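Structure first, then comments.
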Amino acid sequence: MAVNRDKPNRWKPDIARSVDMYNDWFMKFAPQAFRSTRIQTTKDVEAALHTTGNITNIQPAVMRQHPEILATLRMSTCPPLAVDRLIGLAGVPTGLVKCMELEKKLPPRMPAADIDRALGKIAKIIEKMADPDIFVWLGRKEPATDTEVHRAATIVADRLCGAVANPIIRNAQEKRQLAAIKAWLERHGYQQLPAGEGTRFNQMPLGTFSFRMNVPIKLTGGAQSINIPIDAVVMPKTPRAKQLPMFFEAKSAGDFTNTNKRRKEEAVKMSQLRSTYGKNIRFNLFLCGYFDSGYLGYEASEGIDWVWEHRIDDLALFGI
C-alpha cells in the first residue's frame with residue numbers, strides 16, 4: 001500500500017511545507033556548518049603554506065611529499081584555477097591532477113620521472129600566477145608575519161569552501177536527516193546495529209536499523225555484482241515470510257533545478273534492487289527541501305514512495 005506517492009492532492013501543500021522547513025534549517029544552521037568547515041580548512045591551508053615556505057618554495061619534491069596541497073595552490077592564484085584550467089595551462093596529464101585532487105595521492109603507475117616533470121610544470125604556473133594581493137610578502141625582503149599568513153590562509157580557505165559550498169551544506173543536512181530518523185526509530189523501540197559489526201542487510205534481527213549499509217546488486221546480465229550504499233536500512237519488528245528490510249534514501253535539496261537533474265539516480269537504484277531481489281523490494285525516500293510535482297511524479301511512476309521530514313510520523317505507515 002502506497003503512503004504518499006498515490007496521493008497527488010497532498011503534494012503541493014507538502015512541497016510548500018518542505019521548502020519552508022529546509023529554508024528555516026538553512027538560515028539557522030547552514031552558516032554554522034560552513035563556518036566550522038572554514039575553520040578547519042584555514043588550518044589546513046596554513047599547514048600547506050608552511051610546507052611551501054609561504055608560497056616561496058613550491059618544488060616538485062614538496063608536492064610529491066604532500067599531494068594534498070594542490071587544491072590550496074590552485075586557489076592561491078589570480079584568478080583561482082579550476083582543475084581543468086590548471087591541466088591546460090601546465091600541459092600535464094589529467095590523471096595526475098585528478099588523482100592528487102580526489103585521492104590526495106600521486107598516481108601509483110605513473111613513472112617517477114614523468115611525475116616530477118609534471119609537478120615542475122605545475123609549480124611554475126602557481127609561482128607565476130600567485131596572487132600578490134593575498135600573499136603580500138611576495139617580492140619583498142621581509143618574510144611573512146604570522147598575521148599576514150593567517151589572513152592569507154583565511155582568504156584561500158574562503159575560496160576553497162566557496163567552491164564546495166553545496167556539498168558542505170548537503171553533508172550537514174544529511175547528518176541531520178539521519179539523526180531525525182534515528183531518533184524516531186529509537187522512540188519506537190528500534191535498536192541501531194553497532195558500526196563495523198558486519199551484519200549483512202538480509203540477516204538483520206527484527207527491530208533493528210543501520211545507516212549507510214552496503215547492499216550487493218547484480219549488474220545487467222547478472223555476471224557481475226557491486227555494492228550500493230543505502231542511507232537507512234530498517235528491519236521491521238513484525239516478522240514476515242522471506243522478509244527483507246526496508247530501504248530509505250535521505251534526500252535534501254536547496255533548489256528545484258538540481259532535484260530534477262538528479263531524479264533518475266533513485267530510479268536507477270530502484271531498478272537495480274528489483275532486478276536483484278524481486279518486485280517486493282521496498283525502496284523509499286526521506287525528503288526535505290525543494291522537490292516539486294515533476295520530481296514526485298517521476299519517482300511515483302517508478303514505484304518509489306517517500307516520507308516528508310515535516311511529517312516524519314508517516315514512517316509508521318510503512319509498517320515499521
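Every chain in the C-alpha cells has a letter given in the order shown (A, B, ...), and although residue numbers restart at 1 in each chain, ligands are simply numbered from 1 in the order shown.
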Exercise. Just asking: which residues within stretch 130-312 of chain A are alpha helix (DSSP H) according to DSSP, as number ranges by chain?
Worked result: A: 146-163, 165-187, 256-277, 293-301
Exercise. Within 12 Å of stretch 207-214 of chain A, counting only C-alpha atoms, which residues qualify if same-chain residues fewer than 5 places away don't, as a PyMOL selection string?
Worked result: chain A and resi 174-175+177-179+181-202+225-239+245-250+319-320
Problem set entry | Atom-to-atom span, atom CA of A:Glu299 and atom CA of A:Asp313, Å |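 These two atoms are separated by 20.8 Å.
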Exercise. Excluding same-chain residues fewer than 4 positions from stretch 114-131 of chain A, what lies within 10 Å of it counting only C-alpha atoms, as a PyMOL selection string?
Worked result: chain A and resi 55-64+67+70+73-81+86-87+89-93+96-97+106-107+110+135-136+138+152
